[in-house]
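The structure appears below as structure tokens.
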Amino acid sequence: MSPHETSTHETSTAAPEGLLDALDAYEAALAANDLDALDAAFVDAPGTMRGDDRGLLVGHDAISAFRGARGGVLARSLSRVEVRPLAEGLALVVSVSEFAAGGQGLQTQLWRRDSDSDHGDAAPRWRIEAAHVTGRPKAFDTTVWRAVGDPLVAPTASGPLDGLTVAVKDLYAVPGQPVGGGNPTYLRESPVQATPAAAVAALLDAGAAVRGIARTDEFAYNLTGRNEHHGTPPNGAVPTRLPGGSSSGSASAVRLGTAEIGIGTDTAGSVRVPASYQGLWGLRTTHGAVSRDGLLPLAPSFDTVGWLTRSADVLLAALDATVPSDPDAPAEPELLVPAELLDLVEPAVAETFTAFVAGHSRPIGTVQLADLGIPPLDDLRELLRLVQAAEAIAAHGAWIDAHPGALSTVVGDRFAAARANDPAATADAVARLDDVRATIRTALAGRTLLFPTVPGPAPLIAADTAALERTRIATTAMTSLASVGGVPAVSAPALTVDGAPVGVCLVGEPGTDRALVIRAGRMLQH
């Protein structure tokens with residue numbers, strides 16, 4: 001018996017010949033995760049559409065890329081199908097799915113019949129031209145959240161953050177919860193925390209509530225947002241692209257509107273990168289300005305507390321609740337575009353950024369970092385890589401040794417590469433760090449640097465590991481300046497390239513965190 005042959009189906013308008021067979025074949029392909037058959041079931045055209053709660057995909061190629069990275073669907077059958085012919089060779093189909101694990105879903109599809117000689121079909125064939133999918137209800141999105149409450153933790157006082165909710169990266173201590181670090185084995189062994197991390201406590205004391213604990217790349221040692229254990233959080237701005245990490249869940253929660261503040265960490269860009277990829281505000285604070293008590297470390301020489309928000313005002317409110325304002329903050333410094341950083345971005349980003357700078361009301365100069373005495377970016381990236389690797393092994397190496405196979409392939413390979421670094425080169429990098437940091441801070445005195453946050457829009461979900469590694473290397477060459485310098489950096493959602501957001505980054509001298517956010521806000525108002 002066909003899944004459509006139910007009593008409810010008998011009330012449906014008669015379906016055009018071959019349409020229900022095509023629907024059956026599509027459902028069978030979904031159940032088998034037959035990607036070739038699924039591709040063939042959709043009209044191969046740039047205007048073909050598919051939408052769901054994560055966003056709209058336009059174009060056959062975009063739909064195919066999404067499907068290739070999604071994996072299969074939960075077992076289901078169709079309990080009701082309603083067909084409404086609209087014209088010759090065109091029909092609207094609305095169907096109800098019953099999931100084996102419980103719950104219902106709804107699919108609305110526009111089917112078109114064509115001869116499709118390009119595919120070698122001998123007879124006309126029905127294909128999907130547009131679809132909207134309402135999936136099985138979920139208690140919460142487990143790719144974004146590890147735990148959720150209403151709230152999970154209530155405010156401890158009333159203050160400027162009253163009514164706001166926080167997505168806490170799964171590296172911070174949250175009362176009544178263990179710290180998971182993005183790894184299920186680590187989570188199982190982690191003790192329940194009695195008190196909040198200092199940075200979480202500051203938000204609770206200012207009136208915010210913890211909505212939940214958000215996913216992170218394992219031990220924060222990745223920038224893509226992919227987590228092989230829990231899945232990839234959605235990019236709320238462009239569903240075909242990666243969300244960015246490692247503060248991926250915090251960023252996605254904010255972009256999707258399920259929290260107002262995402263508290264993350266930024267070691268080599270883990271706040272700035274997802275902020276850029278998802279069109280959010282993201283602040284890496286001055287190193288050491290915010291206590292890291294209660295935070296699972298990756299590389300303490302670079303680890304900083306940071307926040308992701310949808311507006312500059314909320315970002316400032318989170319900052320002010322955590323770091324007292326400095327009444328002696330320097331006057332607005334000179335704004336300069338570093339040529340070496342602009343050379344690293346994709347051509348379309350460079351063009352869009354140049355237009356953004358030209359539209360600013362005040363002149364913005366260009367500078368060579370070398371003229372400021374700052375070492376080459378490749379040298380900074382390598383210094384960051386070596387010191388970060390050594391500190392990451394110091395923080396987690398013993399646990400990894402005691403739990404073989406517990407890490408995902410990508411992060412496991414990264415820790416293995418960290419162990420393989422040349423000891424002499426590592427020792428030299430560690431010895432040089434303080435001097436290089438002092439050099440960067442001296443160079444930034446009275447100056448603010450302005451440049452695109454990352455080389456380009458977020459990589460596509462379907463990007464392979466080699467392509468993502470190239471993106472990571474290019475990205476860390478851009479983020480290393482603030483990380484090695486231990487200086488504040490804000491990413492503001494200023495640019496759009498190929499329909500995807502790209503942030504602009506302002507980097508300043510230590511203690512100018514608030515001034516950077518205010519200045520970026522003024523620039524975007526123009």
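Numbering starts fresh at 1 for the residues of each chain in the structure tokens, the chains themselves are lettered A, B, ... in the order given, and ligands are numbered from 1 as they appear.
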
Practice item. Give me the residues within 6 Å of range 457-459 of chain A as number ranges by chain, counting only C-alpha atoms and dropping any in the same chain fewer than 5 places off. Key: A: 241-242, 277, 500, 502

Review point. Neighbours of Glu129 in chain A within 12 Å (only C-alpha atoms; same-chain residues fewer than 5 positions away dropped), as number ranges by chain?
Key: A: 39-51, 57-60, 63, 89-93, 108-114

Just to be explicit: take each residue in the selection above, keep N, CA, C and O atoms, and write the result as a tab-separated table (two decimals), in the first residue's frame.
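Produced file part.tsv, reproduced below:
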```tsv
chain	number	residue	atom	x	y	z
A	39	ASP	N	18.78	15.07	-6.12
A	39	ASP	CA	19.12	16.15	-7.05
A	39	ASP	C	18.22	16.13	-8.27
A	39	ASP	O	17.75	17.17	-8.75
A	40	ALA	N	17.96	14.93	-8.79
A	40	ALA	CA	17.15	14.80	-9.98
A	40	ALA	C	15.68	15.13	-9.71
A	40	ALA	O	14.94	15.46	-10.65
A	41	ALA	N	15.26	15.08	-8.45
A	41	ALA	CA	13.86	15.35	-8.13
A	41	ALA	C	13.54	16.84	-8.14
A	41	ALA	O	12.36	17.21	-8.15
A	42	PHE	N	14.54	17.70	-8.12
A	42	PHE	CA	14.33	19.14	-8.14
A	42	PHE	C	14.62	19.70	-9.54
A	42	PHE	O	15.53	19.23	-10.22
A	43	VAL	N	13.87	20.71	-9.93
A	43	VAL	CA	14.11	21.38	-11.20
A	43	VAL	C	15.51	21.96	-11.18
A	43	VAL	O	15.88	22.70	-10.26
A	44	ASP	N	16.30	21.63	-12.19
A	44	ASP	CA	17.69	22.09	-12.26
A	44	ASP	C	17.70	23.49	-12.87
A	44	ASP	O	17.87	23.66	-14.07
A	45	ALA	N	17.49	24.49	-12.02
A	45	ALA	CA	17.42	25.88	-12.48
A	45	ALA	C	17.85	26.81	-11.35
A	45	ALA	O	17.73	26.46	-10.17
A	46	PRO	N	18.35	27.99	-11.69
A	46	PRO	CA	18.80	28.92	-10.65
A	46	PRO	C	17.68	29.48	-9.80
A	46	PRO	O	17.93	30.03	-8.73
A	47	GLY	N	16.42	29.34	-10.24
A	47	GLY	CA	15.30	29.87	-9.48
A	47	GLY	C	14.62	28.87	-8.58
A	47	GLY	O	13.67	29.21	-7.87
A	48	THR	N	15.05	27.62	-8.59
A	48	THR	CA	14.46	26.60	-7.73
A	48	THR	C	14.68	26.98	-6.26
A	48	THR	O	15.75	27.46	-5.89
A	49	MET	N	13.65	26.75	-5.42
A	49	MET	CA	13.72	27.22	-4.04
A	49	MET	C	13.40	26.11	-3.05
A	49	MET	O	12.59	25.22	-3.33
A	50	ARG	N	14.05	26.18	-1.88
A	50	ARG	CA	13.73	25.32	-0.74
A	50	ARG	C	13.91	26.12	0.53
A	50	ARG	O	14.95	26.74	0.75
A	51	GLY	N	12.89	26.11	1.38
A	51	GLY	CA	12.97	26.84	2.64
A	51	GLY	C	12.60	25.98	3.82
A	51	GLY	O	11.83	25.02	3.70
A	57	LEU	N	16.92	28.66	0.56
A	57	LEU	CA	17.94	28.33	-0.42
A	57	LEU	C	17.37	28.60	-1.80
A	57	LEU	O	16.25	28.17	-2.11
A	58	VAL	N	18.12	29.28	-2.63
A	58	VAL	CA	17.68	29.60	-3.98
A	58	VAL	C	18.71	29.06	-4.96
A	58	VAL	O	19.90	29.39	-4.87
A	59	GLY	N	18.26	28.26	-5.89
A	59	GLY	CA	19.13	27.67	-6.90
A	59	GLY	C	19.38	26.20	-6.64
A	59	GLY	O	19.58	25.77	-5.49
A	60	HIS	N	19.36	25.41	-7.72
A	60	HIS	CA	19.55	23.97	-7.59
A	60	HIS	C	20.90	23.64	-6.94
A	60	HIS	O	21.00	22.72	-6.12
A	63	ILE	N	20.79	24.13	-3.14
A	63	ILE	CA	20.01	23.07	-2.50
A	63	ILE	C	20.80	21.78	-2.45
A	63	ILE	O	20.83	21.06	-1.44
A	89	GLY	N	0.48	20.72	-16.21
A	89	GLY	CA	1.86	20.45	-15.84
A	89	GLY	C	2.35	21.18	-14.62
A	89	GLY	O	3.55	21.27	-14.38
A	90	LEU	N	1.43	21.69	-13.79
A	90	LEU	CA	1.82	22.43	-12.59
A	90	LEU	C	0.84	22.09	-11.46
A	90	LEU	O	-0.38	22.18	-11.64
A	91	ALA	N	1.35	21.69	-10.30
A	91	ALA	CA	0.48	21.29	-9.21
A	91	ALA	C	1.09	21.63	-7.86
A	91	ALA	O	2.31	21.57	-7.67
A	92	LEU	N	0.23	21.99	-6.91
A	92	LEU	CA	0.62	22.25	-5.53
A	92	LEU	C	0.34	20.99	-4.72
A	92	LEU	O	-0.75	20.42	-4.79
A	93	VAL	N	1.33	20.54	-3.95
A	93	VAL	CA	1.19	19.35	-3.12
A	93	VAL	C	1.53	19.73	-1.68
A	93	VAL	O	2.60	20.26	-1.41
A	108	THR	N	5.19	21.63	1.84
A	108	THR	CA	4.43	22.31	0.79
A	108	THR	C	5.34	22.40	-0.42
A	108	THR	O	6.43	22.98	-0.34
A	109	GLN	N	4.90	21.81	-1.54
A	109	GLN	CA	5.76	21.71	-2.72
A	109	GLN	C	5.01	22.13	-3.98
A	109	GLN	O	3.82	21.82	-4.14
A	110	LEU	N	5.72	22.83	-4.83
A	110	LEU	CA	5.22	23.15	-6.17
A	110	LEU	C	5.92	22.21	-7.15
A	110	LEU	O	7.15	22.25	-7.29
A	111	TRP	N	5.15	21.35	-7.79
A	111	TRP	CA	5.70	20.37	-8.73
A	111	TRP	C	5.42	20.82	-10.16
A	111	TRP	O	4.33	21.30	-10.48
A	112	ARG	N	6.42	20.64	-11.02
A	112	ARG	CA	6.29	20.99	-12.43
A	112	ARG	C	6.67	19.78	-13.29
A	112	ARG	O	7.66	19.11	-13.01
A	113	ARG	N	5.88	19.55	-14.34
A	113	ARG	CA	6.17	18.45	-15.26
A	113	ARG	C	6.93	19.00	-16.45
A	113	ARG	O	6.54	19.99	-17.05
A	114	ASP	N	8.03	18.34	-16.80
A	114	ASP	CA	8.80	18.78	-17.97
A	114	ASP	C	9.31	17.55	-18.70
A	114	ASP	O	9.30	16.44	-18.19
```

Practice item. Pull the helix (DSSP H, G or I) assignments for range 260-374 of chain A out of DSSP run on the backbone, and list those residues as a VMD selection string. Key: chain A and resid 272 to 278 312 to 322 339 to 342 347 to 358 369 to 372

Using N, CA, C and O atoms, can you write the selected residues to a file as a short mmCIF file (atom, residue, chain, number, x, y, z; two decimals), in the first residue's frame?
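Once everything was written out, this is selection_3.cif:
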```
data_model
loop_
_atom_site.label_atom_id
_atom_site.label_comp_id
_atom_site.auth_asym_id
_atom_site.auth_seq_id
_atom_site.Cartn_x
_atom_site.Cartn_y
_atom_site.Cartn_z
N ARG A 272 35.52 37.00 16.75
CA ARG A 272 35.52 37.86 15.56
C ARG A 272 35.07 37.10 14.30
O ARG A 272 34.34 37.65 13.46
N VAL A 273 35.51 35.86 14.15
CA VAL A 273 35.19 35.10 12.94
C VAL A 273 33.69 34.81 12.83
O VAL A 273 33.06 35.13 11.81
N PRO A 274 33.03 34.20 13.86
CA PRO A 274 31.59 33.99 13.72
C PRO A 274 30.80 35.28 13.63
O PRO A 274 29.74 35.32 12.99
N ALA A 275 31.28 36.35 14.27
CA ALA A 275 30.60 37.63 14.13
C ALA A 275 30.60 38.08 12.67
O ALA A 275 29.57 38.51 12.13
N SER A 276 31.74 37.97 12.02
CA SER A 276 31.83 38.35 10.61
C SER A 276 30.97 37.45 9.74
O SER A 276 30.22 37.92 8.87
N TYR A 277 31.03 36.14 9.97
CA TYR A 277 30.32 35.19 9.13
C TYR A 277 28.80 35.33 9.25
O TYR A 277 28.08 35.01 8.30
N GLN A 278 28.32 35.78 10.41
CA GLN A 278 26.87 35.82 10.62
C GLN A 278 26.31 37.23 10.73
O GLN A 278 25.13 37.41 11.06
N ALA A 312 25.19 47.31 18.54
CA ALA A 312 26.30 47.91 19.28
C ALA A 312 25.87 48.26 20.70
O ALA A 312 26.66 48.16 21.65
N ASP A 313 24.62 48.71 20.87
CA ASP A 313 24.15 49.12 22.19
C ASP A 313 24.19 47.95 23.18
O ASP A 313 24.61 48.12 24.34
N VAL A 314 23.74 46.78 22.76
CA VAL A 314 23.75 45.63 23.67
C VAL A 314 25.18 45.18 23.94
O VAL A 314 25.52 44.78 25.06
N LEU A 315 26.04 45.28 22.93
CA LEU A 315 27.45 44.93 23.14
C LEU A 315 28.08 45.86 24.19
O LEU A 315 28.80 45.40 25.09
N LEU A 316 27.79 47.15 24.08
CA LEU A 316 28.31 48.09 25.07
C LEU A 316 27.75 47.80 26.46
O LEU A 316 28.46 47.92 27.46
N ALA A 317 26.48 47.42 26.52
CA ALA A 317 25.87 47.11 27.82
C ALA A 317 26.55 45.91 28.47
O ALA A 317 26.79 45.90 29.68
N ALA A 318 26.86 44.87 27.66
CA ALA A 318 27.56 43.70 28.20
C ALA A 318 28.97 44.08 28.67
O ALA A 318 29.43 43.63 29.73
N LEU A 319 29.64 44.92 27.88
CA LEU A 319 30.98 45.36 28.25
C LEU A 319 30.94 46.18 29.54
O LEU A 319 31.73 45.95 30.47
N ASP A 320 30.01 47.14 29.61
CA ASP A 320 29.95 48.01 30.78
C ASP A 320 29.56 47.25 32.04
O ASP A 320 29.96 47.63 33.16
N ALA A 321 28.78 46.18 31.89
CA ALA A 321 28.41 45.37 33.05
C ALA A 321 29.58 44.56 33.58
O ALA A 321 29.56 44.10 34.72
N THR A 322 30.60 44.40 32.75
CA THR A 322 31.72 43.51 33.09
C THR A 322 33.00 44.27 33.36
O THR A 322 33.77 43.92 34.27
N ALA A 339 47.88 48.22 4.82
CA ALA A 339 47.92 47.69 3.46
C ALA A 339 48.13 46.19 3.44
O ALA A 339 47.54 45.47 2.62
N GLU A 340 48.99 45.69 4.34
CA GLU A 340 49.29 44.25 4.33
C GLU A 340 48.05 43.41 4.62
O GLU A 340 47.87 42.32 4.07
N LEU A 341 47.17 43.90 5.50
CA LEU A 341 45.96 43.16 5.82
C LEU A 341 44.97 43.21 4.67
O LEU A 341 44.30 42.22 4.36
N LEU A 342 44.88 44.34 4.01
CA LEU A 342 43.97 44.45 2.87
C LEU A 342 44.42 43.55 1.72
O LEU A 342 43.61 43.04 0.95
N PRO A 347 39.28 39.56 -3.67
CA PRO A 347 39.09 40.79 -4.46
C PRO A 347 37.75 41.47 -4.24
O PRO A 347 37.68 42.71 -4.13
N ALA A 348 36.67 40.71 -4.16
CA ALA A 348 35.35 41.31 -3.97
C ALA A 348 35.24 41.99 -2.61
O ALA A 348 34.57 43.03 -2.47
N VAL A 349 35.89 41.41 -1.60
CA VAL A 349 35.89 42.02 -0.27
C VAL A 349 36.70 43.31 -0.30
O VAL A 349 36.28 44.33 0.26
N ALA A 350 37.85 43.29 -0.96
CA ALA A 350 38.68 44.49 -1.05
C ALA A 350 37.91 45.63 -1.73
O ALA A 350 37.94 46.78 -1.28
N GLU A 351 37.19 45.29 -2.80
CA GLU A 351 36.42 46.31 -3.53
C GLU A 351 35.31 46.89 -2.66
O GLU A 351 35.12 48.11 -2.59
N THR A 352 34.59 46.02 -1.97
CA THR A 352 33.49 46.49 -1.13
C THR A 352 34.00 47.29 0.07
O THR A 352 33.43 48.32 0.44
N PHE A 353 35.10 46.83 0.65
CA PHE A 353 35.68 47.55 1.78
C PHE A 353 36.19 48.93 1.36
O PHE A 353 36.00 49.92 2.07
N THR A 354 36.83 49.00 0.21
CA THR A 354 37.34 50.28 -0.29
C THR A 354 36.20 51.28 -0.49
O THR A 354 36.33 52.47 -0.15
N ALA A 355 35.07 50.80 -0.99
CA ALA A 355 33.90 51.67 -1.16
C ALA A 355 33.37 52.12 0.19
O ALA A 355 32.95 53.28 0.36
N PHE A 356 33.38 51.21 1.17
CA PHE A 356 32.94 51.56 2.53
C PHE A 356 33.82 52.66 3.11
O PHE A 356 33.32 53.64 3.69
N VAL A 357 35.12 52.52 2.98
CA VAL A 357 36.05 53.52 3.50
C VAL A 357 35.86 54.86 2.80
O VAL A 357 35.85 55.93 3.43
N ALA A 358 35.68 54.81 1.47
CA ALA A 358 35.50 56.05 0.70
C ALA A 358 34.24 56.80 1.10
O ALA A 358 34.17 58.03 0.99
N LEU A 369 52.25 48.20 7.93
CA LEU A 369 52.55 47.75 9.28
C LEU A 369 54.04 47.75 9.55
O LEU A 369 54.48 48.04 10.68
N ALA A 370 54.81 47.44 8.53
CA ALA A 370 56.26 47.43 8.71
C ALA A 370 56.77 48.81 9.11
O ALA A 370 57.74 48.92 9.89
N ASP A 371 56.13 49.87 8.61
CA ASP A 371 56.56 51.22 8.97
C ASP A 371 56.26 51.55 10.42
O ASP A 371 56.84 52.50 10.98
N LEU A 372 55.34 50.78 11.03
CA LEU A 372 55.04 50.97 12.45
C LEU A 372 55.91 50.08 13.33
O LEU A 372 55.79 50.11 14.56
#
```

Residues of range 371-465 of chain A that have any atom at most 9 Å from an atom of range 176-199 of chain A: could you tabulate them with the shortest-distance atom pair and the distance in Å to one decimal, using only C-alpha atoms, ordered by chain and increasing number, as JSON lines?
```
{"residue": "A:Trp399", "atom": "CA", "partner": "A:Tyr186", "partner_atom": "CA", "distance": 8.6}
{"residue": "A:His403", "atom": "CA", "partner": "A:Thr185", "partner_atom": "CA", "distance": 8.3}
{"residue": "A:Ala406", "atom": "CA", "partner": "A:Thr185", "partner_atom": "CA", "distance": 6.4}
{"residue": "A:Leu407", "atom": "CA", "partner": "A:Asn183", "partner_atom": "CA", "distance": 7.2}
{"residue": "A:Ser408", "atom": "CA", "partner": "A:Asn183", "partner_atom": "CA", "distance": 8.6}
```

Exercise for review: Extract, using only C-alpha atoms, all DNA, RNA and protein residues at most 12 Å from Leu384 in chain A, discarding same-chain residues fewer than 3 positions from it, and format them as number ranges by chain.
Suggested key: A: 267-269, 299-303, 377-381, 387-392, 418, 425-426, 428-430, 432-434, 436-437, 473, 476-486

Review point. Which residues in range 78-109 of chain A does DSSP call strand (DSSP E)? List them as a VMD selection string.
Key: chain A and resid 78 to 87 90 to 99 104 to 109

**Study point:** Atom-to-atom span, CA of Ala289 in chain A and CA of Ala427 in chain A, Å
**Key:**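 About the pair CA of Ala289 in chain A and CA of Ala427 in chain A: they are 26.5 Å apart.
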
Point to revise | Nearest candidate to Phe219 in chain A (options A:Ser246, A:Asn235, A:Ser252, A:Thr240; using only C-alpha atoms) | key: A:Ser246

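Computed from the coordinates, the CA of Val504 in chain A to CA of Thr232 in chain A distance equals 24.6 Å.
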
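You will find CA of Ala167 in chain A at 7.8 Å from CA of Gly249 in chain A.
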
Practice item. Tell me which protein, DNA and RNA residues are within 8 Å of Gly55 in chain A, counting only C-alpha atoms, leaving out same-chain ones fewer than 4 positions away, and put them as a count of residues only. Key: 4
